[in-house]
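Visitor: My structure is below; once you've seen it, I'll send some questions.
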Protein chains: 2
Amino acid sequence: MQHFAYHSEENYLKTLYKLEDKKVKKVNNTALSKALELNPATVLEAVRKMSEKKLVTVLADKTIQLTDKGRKKALQIVRRHRLWEVFLVDKLNYKWDEVHHIAEQLEHIEADSLTERLEAFLGNPTVDPHGDPIPDESGKLKRIKTQPLSEAPWNKKLTIVALGNSSDEFLKYLNKIGLSIGATVEVAEVEDFDKSITILHKKSSITLSNEAANTLLVAL
Amino acid sequence: MQHFAYHSEENYLKTLYKLEDKKVKKVNNTALSKALELNPATVLEAVRKMSEKKLVTVLADKTIQLTDKGRKKALQIVRRHRLWEVFLVDKLNYKWDEVHHIAEQLEHIEADSLTERLEAFLGNPTVDPHGDPIPDESGKLKRIKTQPLSEAPWNKKLTIVALGNSSDEFLKYLNKIGLSIGATVEVAEVEDFDKSITILHKKSSITLSNEAANTLLVAL
DNA sequence: ACAATAAATTTGGTGAACCAAATAAAATTG
DNA sequence: CAATTTTATTTGGTTCACCAAATTTATTGT
Ligand SMILES: [Mn+2]
Ligand SMILES: [Mn+2]
Ligand SMILES: [Mn+2]
Ligand SMILES: [Mn+2]
């Protein structure tokens with residue numbers, strides 16, 4: 001009996017899913033290695049093993065794709081990750097930019113019943129603290145219809161419901177300027193020169209770069 | 001960066017602590033190997049490494065002892081284990097005989113703040129679902145004064161506050177006969193022949209072997 | 001087409017954590 | 001105390017997950 005837990009396969013699958021979700025067209029060994037920050041030789045070996053286990057398929061052009069079986073496993077991990085994030089924020093009062101690395105560990109806890117009980121305990125949340133949808137038990141997830149704030153109509157109440165990316169830096173930036181999931185904002189002005197926009201939020205106005213406005217997703 | 005987590009050292013320390021707590025006098029390599037269900041060669045190597053790190057001391061007679069540093073680490077794991085057990089039982093409605101193996105995994109999650117926040121969220125419990133005390137942040141634990149039910153006075157209301165051992169079999173047995181931590185019982189009769197005892201619990205009488213009565217600990 | 005570049009793959013290592021089997025040392029017992 | 005048994009230790013493996021440095025096999029730009 002080993003006293004350490006193998007998490008690597010789960011992380012490979014999760015990363016493949018993330019890339020697929022980001023609509024990266026051709027996920028080859030190089031792309032996957034970079035995403036995982038691992039040596040290509042390491043990843044190649046792992047992909048071979050997962051291929052043996054029918055978790056991924058390697059196409060003729062070397063593209064690595066999740067099989068249905070692999071995607072299901074990946075979504076299981078994503079589900080656990082997001083549910084734990086909800087737990088950490090809602091129950092333990094962590095801030096949304098503090099929970100990711102803890103959830104990275106918690107997502108690997110194996111116990112069939114745990115995820116389901118946790119979900120019920122949390123009141124069956126549908127999205128995590130970053131606005132990302134939580135897959136259901138079978139791995140299905142309902143994508144919320146969103147629109148980048150940069151493309152949203154002017155002078156109209158908008159609700160921030162998700163983020164194009166949940167990087168630490170971006171979360172910290174949002175914390176600083178006082179924006180979070182659920183915030184109501186209104187586009188006041190778009191600067192023609194650099195596409196930066198000025199929004200109204202709680203009676204104060206905030207100017208956002210086009211990049212930031214692109215990454216903030218509002219309900220559609 | 002490795003995608004798997006090393007838990008082995010924590011498990012060695014925890015097991016050493018458990019043996020120490022059970023007052024096993026001479027914990028040698030054989031004893032530790034048996035407790036961990038690992039090959040003696042494996043354990044010997046691990047003990048050497050922990051000795052290098054000043055977590056354990058190997059006495060002249062080959063007895064393996066925790067150093068203060070080692071015991072502190074061990075108690076940290078015990079603390080996490082017991083707090084997670086409380087979480088699983090109190091918040092996720094697990095039964096007390098279902099939580100151990102899940103807590104075995106959760107106890108290894110590393111995040112300074114997590115344990116403290118969890119403790120606060122649970123309302124600063126002092127004992128786990130099996131009546132075992134939860135060490136505080138610094139590793140101190142207040143032992144509850146207890147007495148085996150087999151030695152308790154007759155015809156007196158007694159409260160079961162802990163168990164001499166929390167093995168799966170014993171917990172399942174207690175579930176079956178309807179006893180748990182917090183139960184109020186009264187010794188009605190002790191059979192001279194085999195020291196089996198008959199107790200009253202919620203208006204029904206239960207007969208327990210001496211072994212069982214020895215393992216049930218009541219408040220003193 | 002062909003040289004330059006990039007991607008895939010192979011080869012040879014590493015460290016952590018485990019094991020079985022052999023040997024050495026210590027303790028026990030008749 | 002000598003024989004037996006137990007315990008400790010050594011030696012030689014294994015698997016997993018990783019890496020660096022070739023090498024081979026595309027791909028691409030001219
Ligand atoms: Mn996350
Ligand atoms: Mn998230
Ligand atoms: Mn336990
Ligand atoms: Mn316990």
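How things are named: the first chain in the structure tokens is A, the next is B, and so on; residues count from 1 in each chain; ligands count from 1 in the order shown.
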Check which residues fall inside 12 Å of ligand 4 when counting only C-alpha atoms (C1' of nucleotides) and all ligand atoms, and print them as an mmCIF file with N, CA, C and O atoms, in the first residue's frame.
Guide:
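To be explicit, this is the file written out as part_1.cif:
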data_model
loop_
_atom_site.group_PDB
_atom_site.id
_atom_site.type_symbol
_atom_site.label_atom_id
_atom_site.label_comp_id
_atom_site.auth_asym_id
_atom_site.auth_seq_id
_atom_site.Cartn_x
_atom_site.Cartn_y
_atom_site.Cartn_z
ATOM 1 N N LYS B 18 0.339 7.448 17.340
ATOM 2 C CA LYS B 18 -0.727 6.556 17.792
ATOM 3 C C LYS B 18 -0.188 5.474 18.718
ATOM 4 O O LYS B 18 -0.798 5.152 19.740
ATOM 5 N N ILE B 77 -1.298 16.508 12.123
ATOM 6 C CA ILE B 77 -2.051 15.599 11.246
ATOM 7 C C ILE B 77 -3.267 15.040 11.980
ATOM 8 O O ILE B 77 -4.368 14.962 11.423
ATOM 9 N N VAL B 78 -3.058 14.660 13.232
ATOM 10 C CA VAL B 78 -4.160 14.134 14.041
ATOM 11 C C VAL B 78 -5.256 15.193 14.159
ATOM 12 O O VAL B 78 -6.447 14.903 14.033
ATOM 13 N N ARG B 79 -4.819 16.432 14.355
ATOM 14 C CA ARG B 79 -5.759 17.553 14.444
ATOM 15 C C ARG B 79 -6.593 17.672 13.171
ATOM 16 O O ARG B 79 -7.823 17.749 13.230
ATOM 17 N N ARG B 80 -5.904 17.666 12.039
ATOM 18 C CA ARG B 80 -6.624 17.786 10.769
ATOM 19 C C ARG B 80 -7.591 16.613 10.589
ATOM 20 O O ARG B 80 -8.740 16.801 10.207
ATOM 21 N N HIS B 81 -7.096 15.418 10.863
ATOM 22 C CA HIS B 81 -7.910 14.213 10.708
ATOM 23 C C HIS B 81 -9.204 14.334 11.504
ATOM 24 O O HIS B 81 -10.299 14.115 10.988
ATOM 25 N N ARG B 82 -9.082 14.700 12.753
ATOM 26 C CA ARG B 82 -10.259 14.735 13.619
ATOM 27 C C ARG B 82 -11.206 15.866 13.260
ATOM 28 O O ARG B 82 -12.430 15.708 13.331
ATOM 29 N N LEU B 83 -10.637 17.010 12.849
ATOM 30 C CA LEU B 83 -11.517 18.103 12.436
ATOM 31 C C LEU B 83 -12.309 17.715 11.188
ATOM 32 O O LEU B 83 -13.513 17.957 11.102
ATOM 33 N N TRP B 84 -11.657 17.092 10.226
ATOM 34 C CA TRP B 84 -12.374 16.657 9.027
ATOM 35 C C TRP B 84 -13.438 15.617 9.372
ATOM 36 O O TRP B 84 -14.517 15.603 8.783
ATOM 37 N N GLU B 85 -13.132 14.759 10.342
ATOM 38 C CA GLU B 85 -14.142 13.779 10.746
ATOM 39 C C GLU B 85 -15.378 14.480 11.303
ATOM 40 O O GLU B 85 -16.518 14.084 11.013
ATOM 41 N N VAL B 86 -15.149 15.514 12.074
ATOM 42 C CA VAL B 86 -16.283 16.282 12.593
ATOM 43 C C VAL B 86 -17.067 16.890 11.431
ATOM 44 O O VAL B 86 -18.299 16.815 11.383
ATOM 45 N N PHE B 87 -16.349 17.466 10.485
ATOM 46 C CA PHE B 87 -17.004 18.045 9.313
ATOM 47 C C PHE B 87 -17.884 17.017 8.608
ATOM 48 O O PHE B 87 -19.050 17.278 8.303
ATOM 49 N N LEU B 88 -17.311 15.844 8.357
ATOM 50 C CA LEU B 88 -18.034 14.819 7.603
ATOM 51 C C LEU B 88 -19.296 14.357 8.331
ATOM 52 O O LEU B 88 -20.342 14.143 7.715
ATOM 53 N N VAL B 89 -19.196 14.232 9.650
ATOM 54 C CA VAL B 89 -20.346 13.754 10.416
ATOM 55 C C VAL B 89 -21.360 14.885 10.649
ATOM 56 O O VAL B 89 -22.549 14.733 10.384
ATOM 57 N N LYS B 95 -22.145 8.730 8.770
ATOM 58 C CA LYS B 95 -22.171 8.024 10.042
ATOM 59 C C LYS B 95 -20.735 7.891 10.540
ATOM 60 O O LYS B 95 -19.792 7.918 9.765
ATOM 61 N N TRP B 96 -20.569 7.761 11.835
ATOM 62 C CA TRP B 96 -19.222 7.788 12.423
ATOM 63 C C TRP B 96 -18.320 6.650 11.957
ATOM 64 O O TRP B 96 -17.111 6.726 12.085
ATOM 65 N N ASP B 97 -18.919 5.594 11.429
ATOM 66 C CA ASP B 97 -18.079 4.495 10.948
ATOM 67 C C ASP B 97 -17.745 4.630 9.463
ATOM 68 O O ASP B 97 -17.126 3.758 8.884
ATOM 69 N N GLU B 98 -18.140 5.753 8.855
ATOM 70 C CA GLU B 98 -17.871 5.920 7.421
ATOM 71 C C GLU B 98 -16.784 6.951 7.141
ATOM 72 O O GLU B 98 -16.359 7.099 5.998
ATOM 73 N N VAL B 99 -16.377 7.671 8.172
ATOM 74 C CA VAL B 99 -15.559 8.857 7.900
ATOM 75 C C VAL B 99 -14.046 8.649 7.930
ATOM 76 O O VAL B 99 -13.295 9.438 7.358
ATOM 77 N N HIS B 100 -13.619 7.586 8.567
ATOM 78 C CA HIS B 100 -12.182 7.449 8.780
ATOM 79 C C HIS B 100 -11.367 7.472 7.483
ATOM 80 O O HIS B 100 -10.390 8.208 7.351
ATOM 81 N N HIS B 101 -11.778 6.659 6.511
ATOM 82 C CA HIS B 101 -10.940 6.569 5.306
ATOM 83 C C HIS B 101 -10.968 7.837 4.468
ATOM 84 O O HIS B 101 -10.028 8.128 3.737
ATOM 85 N N ILE B 102 -12.030 8.602 4.588
ATOM 86 C CA ILE B 102 -12.062 9.882 3.866
ATOM 87 C C ILE B 102 -11.149 10.882 4.580
ATOM 88 O O ILE B 102 -10.387 11.609 3.953
ATOM 89 N N ALA B 103 -11.216 10.871 5.910
ATOM 90 C CA ALA B 103 -10.360 11.771 6.697
ATOM 91 C C ALA B 103 -8.885 11.434 6.501
ATOM 92 O O ALA B 103 -8.016 12.307 6.573
ATOM 93 N N GLU B 104 -8.595 10.161 6.229
ATOM 94 C CA GLU B 104 -7.211 9.749 5.971
ATOM 95 C C GLU B 104 -6.640 10.496 4.769
ATOM 96 O O GLU B 104 -5.443 10.723 4.671
ATOM 97 N N GLU B 107 -6.726 14.687 5.668
ATOM 98 C CA GLU B 107 -5.728 15.140 6.651
ATOM 99 C C GLU B 107 -4.421 15.604 6.009
ATOM 100 O O GLU B 107 -3.626 16.277 6.652
ATOM 101 N N THR B 126 -14.176 20.095 20.478
ATOM 102 C CA THR B 126 -13.038 19.619 21.282
ATOM 103 C C THR B 126 -12.792 18.133 21.107
ATOM 104 O O THR B 126 -11.734 17.638 21.462
ATOM 105 N N VAL B 127 -13.788 17.428 20.604
ATOM 106 C CA VAL B 127 -13.612 16.000 20.348
ATOM 107 C C VAL B 127 -14.162 15.631 18.977
ATOM 108 O O VAL B 127 -15.033 16.317 18.450
ATOM 109 N N ASP B 128 -13.640 14.544 18.412
ATOM 110 C CA ASP B 128 -14.118 14.080 17.113
ATOM 111 C C ASP B 128 -15.317 13.152 17.304
ATOM 112 O O ASP B 128 -15.742 12.918 18.441
ATOM 113 N N PRO B 129 -15.874 12.635 16.229
ATOM 114 C CA PRO B 129 -17.096 11.822 16.374
ATOM 115 C C PRO B 129 -16.889 10.538 17.176
ATOM 116 O O PRO B 129 -17.863 9.892 17.571
ATOM 117 N N HIS B 130 -15.647 10.170 17.410
ATOM 118 C CA HIS B 130 -15.387 8.947 18.167
ATOM 119 C C HIS B 130 -14.979 9.249 19.601
ATOM 120 O O HIS B 130 -14.536 8.366 20.333
ATOM 121 N N GLY B 131 -15.104 10.531 19.966
ATOM 122 C CA GLY B 131 -14.782 10.918 21.327
ATOM 123 C C GLY B 131 -13.310 11.236 21.548
ATOM 124 O O GLY B 131 -12.906 11.533 22.663
ATOM 125 N N ASP B 132 -12.522 11.195 20.465
ATOM 126 C CA ASP B 132 -11.098 11.490 20.623
ATOM 127 C C ASP B 132 -10.866 12.986 20.623
ATOM 128 O O ASP B 132 -11.439 13.716 19.812
ATOM 129 N N PRO B 133 -10.011 13.462 21.519
ATOM 130 C CA PRO B 133 -9.796 14.900 21.638
ATOM 131 C C PRO B 133 -9.085 15.489 20.431
ATOM 132 O O PRO B 133 -8.254 14.836 19.810
ATOM 133 N N ILE B 134 -9.408 16.709 20.096
ATOM 134 C CA ILE B 134 -8.794 17.404 18.962
ATOM 135 C C ILE B 134 -7.690 18.314 19.475
ATOM 136 O O ILE B 134 -7.948 19.221 20.255
ATOM 137 N N ALA B 162 -16.044 8.335 25.047
ATOM 138 C CA ALA B 162 -14.958 7.967 24.129
ATOM 139 C C ALA B 162 -14.892 6.456 23.980
ATOM 140 O O ALA B 162 -15.628 5.719 24.661
ATOM 141 N N LEU B 163 -14.018 6.012 23.081
ATOM 142 C CA LEU B 163 -13.870 4.588 22.815
ATOM 143 C C LEU B 163 -12.407 4.187 22.974
ATOM 144 O O LEU B 163 -11.524 4.941 22.583
ATOM 145 N N GLY B 164 -12.189 3.032 23.523
ATOM 146 C CA GLY B 164 -10.820 2.537 23.668
ATOM 147 C C GLY B 164 -10.192 2.231 22.328
ATOM 148 O O GLY B 164 -8.986 2.363 22.151
ATOM 149 N N ASN B 165 -11.015 1.846 21.379
ATOM 150 C CA ASN B 165 -10.531 1.748 19.998
ATOM 151 C C ASN B 165 -11.670 2.033 19.051
ATOM 152 O O ASN B 165 -12.824 1.745 19.339
ATOM 153 N N SER B 166 -11.333 2.644 17.914
ATOM 154 C CA SER B 166 -12.376 3.063 16.975
ATOM 155 C C SER B 166 -12.319 2.231 15.706
ATOM 156 O O SER B 166 -12.516 2.738 14.614
ATOM 157 N N SER B 167 -12.031 0.958 15.847
ATOM 158 C CA SER B 167 -11.964 0.097 14.660
ATOM 159 C C SER B 167 -13.333 0.043 14.002
ATOM 160 O O SER B 167 -14.367 0.206 14.650
ATOM 161 N N ASP B 168 -13.296 -0.166 12.723
ATOM 162 C CA ASP B 168 -14.512 -0.271 11.935
ATOM 163 C C ASP B 168 -15.491 -1.278 12.518
ATOM 164 O O ASP B 168 -16.699 -1.013 12.603
ATOM 165 N N LEU B 171 -17.115 0.030 15.688
ATOM 166 C CA LEU B 171 -18.092 1.087 15.392
ATOM 167 C C LEU B 171 -19.361 0.505 14.793
ATOM 168 O O LEU B 171 -20.479 0.901 15.143
ATOM 169 N N ILE B 181 -21.395 7.856 20.981
ATOM 170 C CA ILE B 181 -20.851 8.865 21.886
ATOM 171 C C ILE B 181 -22.002 9.739 22.380
ATOM 172 O O ILE B 181 -22.839 10.159 21.595
#
Visitor: For DA2 (chain D), please output as a ChimeraX atom specification all residues within 12 Å (counting only C-alpha atoms (C1' of nucleotides); exclusion window: fewer than 5 positions along the same chain).
Guide: /C:28-30
Visitor: At a cut-off of 12 Å, list the chain A residues touching chain D, using only C-alpha atoms (C1' of nucleotides), as a ChimeraX atom specification.
Guide: /A:2,4-9,37-46,49,61-62
Visitor: Can you pull out every residue from region 43-217 of chain A that DSSP, working from the backbone, puts in alpha helix (DSSP H), and format the result as an NGL selection string?
Guide: :A and (43-52 or 68-86 or 100-106 or 112-121 or 168-177 or 210-215)
Visitor: At what distance in Å, to one decimal, does CA of Glu169 (chain A) lie from CA of Glu189 (chain A)?
Guide: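 Value for the CA of Glu189 (chain A)-CA of Glu169 (chain A) distance: 25.2 Å.
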Visitor: Report as a VMD selection string all protein, DNA and RNA residues lying within 12 Å of Leu216 (chain B), evaluated on only C-alpha atoms (C1' of nucleotides), omitting residues in the same chain fewer than 5 positions from it.
Guide: chain B and resid 130 to 131 146 to 152 158 to 166 170 to 171 173 to 174 179 to 185 197 199 208 to 211
Visitor: For each of A:Asn155, A:Thr30, A:Asn11, A:Gln76, take the minimum atom-to-atom distance to chain B, counting only C-alpha atoms, then give the residue where this is smallest.
Guide: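 That would be A:Asn11, the residue with the smallest distance to chain B.
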Visitor: I need the contact residues of chain C against chain A, so if you could list those with any atom within 12 Å, counting only C-alpha atoms (C1' of nucleotides), and return them as a list in words, that would help.
Guide: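 Close enough to count are DA6, DA7, DA8, DT9, DT10, DT11, DA16, DA17, DC18 and DC19 of chain C.
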Visitor: Just the strand (DSSP E or B) stuff from region 14-104 of chain A, please, per backbone DSSP, written as a list in words.
Guide: Val56, Thr57, Val58, Ile64, Gln65 and Leu66 of chain A
Visitor: What does the file look like for those residues with C-alpha atoms, as a JSON list (two decimals), in the first residue's frame?
Guide:
[["chain", "number", "residue", "atom", "x", "y", "z"],
["A", 56, "VAL", "CA", -7.48, 9.88, -24.97],
["A", 57, "THR", "CA", -7.06, 9.32, -28.68],
["A", 58, "VAL", "CA", -4.05, 10.43, -30.65],
["A", 64, "ILE", "CA", -4.50, 14.59, -28.56],
["A", 65, "GLN", "CA", -8.21, 14.34, -27.88],
["A", 66, "LEU", "CA", -10.22, 13.22, -24.91]]
Visitor: With only C-alpha atoms (C1' of nucleotides) as the counted atoms, please give the residues lying no more than 8 Å from Glu10 (chain B), apart from itself and same-chain residues fewer than 6 positions off, as a JSON list (two decimals) with C-alpha atoms, in the first residue's frame.
Guide:
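And here's selection32.json as it stands now:
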[["chain", "number", "residue", "atom", "x", "y", "z"],
["B", 73, "LYS", "CA", 3.99, 17.42, 13.22],
["B", 74, "ALA", "CA", 2.14, 14.23, 14.12],
["B", 77, "ILE", "CA", -2.05, 15.60, 11.25],
["B", 108, "HIS", "CA", -2.95, 15.59, 4.09]]
Visitor: With only C-alpha atoms as the basis for distance, which of B:Lys156, B:Arg117, B:Lys14, B:Arg71 is at the shortest distance from chain A?
Guide: B:Arg117
Visitor: Find, counting only C-alpha atoms, the residue in B:Lys157, B:Lys91, B:Arg143, B:Lys172 that gets nearest to chain A.
Guide: B:Lys91
Visitor: List the spatial neighbours of Thr15 (chain A) as JSON, numbers by chain - criterion: any atom at most 8 Å away, only C-alpha atoms (C1' of nucleotides), same-chain residues fewer than 5 positions off excluded.
Guide: {"A": [32, 35, 36]}
Visitor: Report the distance between CA of Lys25 (chain A) and CA of Leu55 (chain A) in Å, rounded to one decimal place.
Guide: 18.7 Å
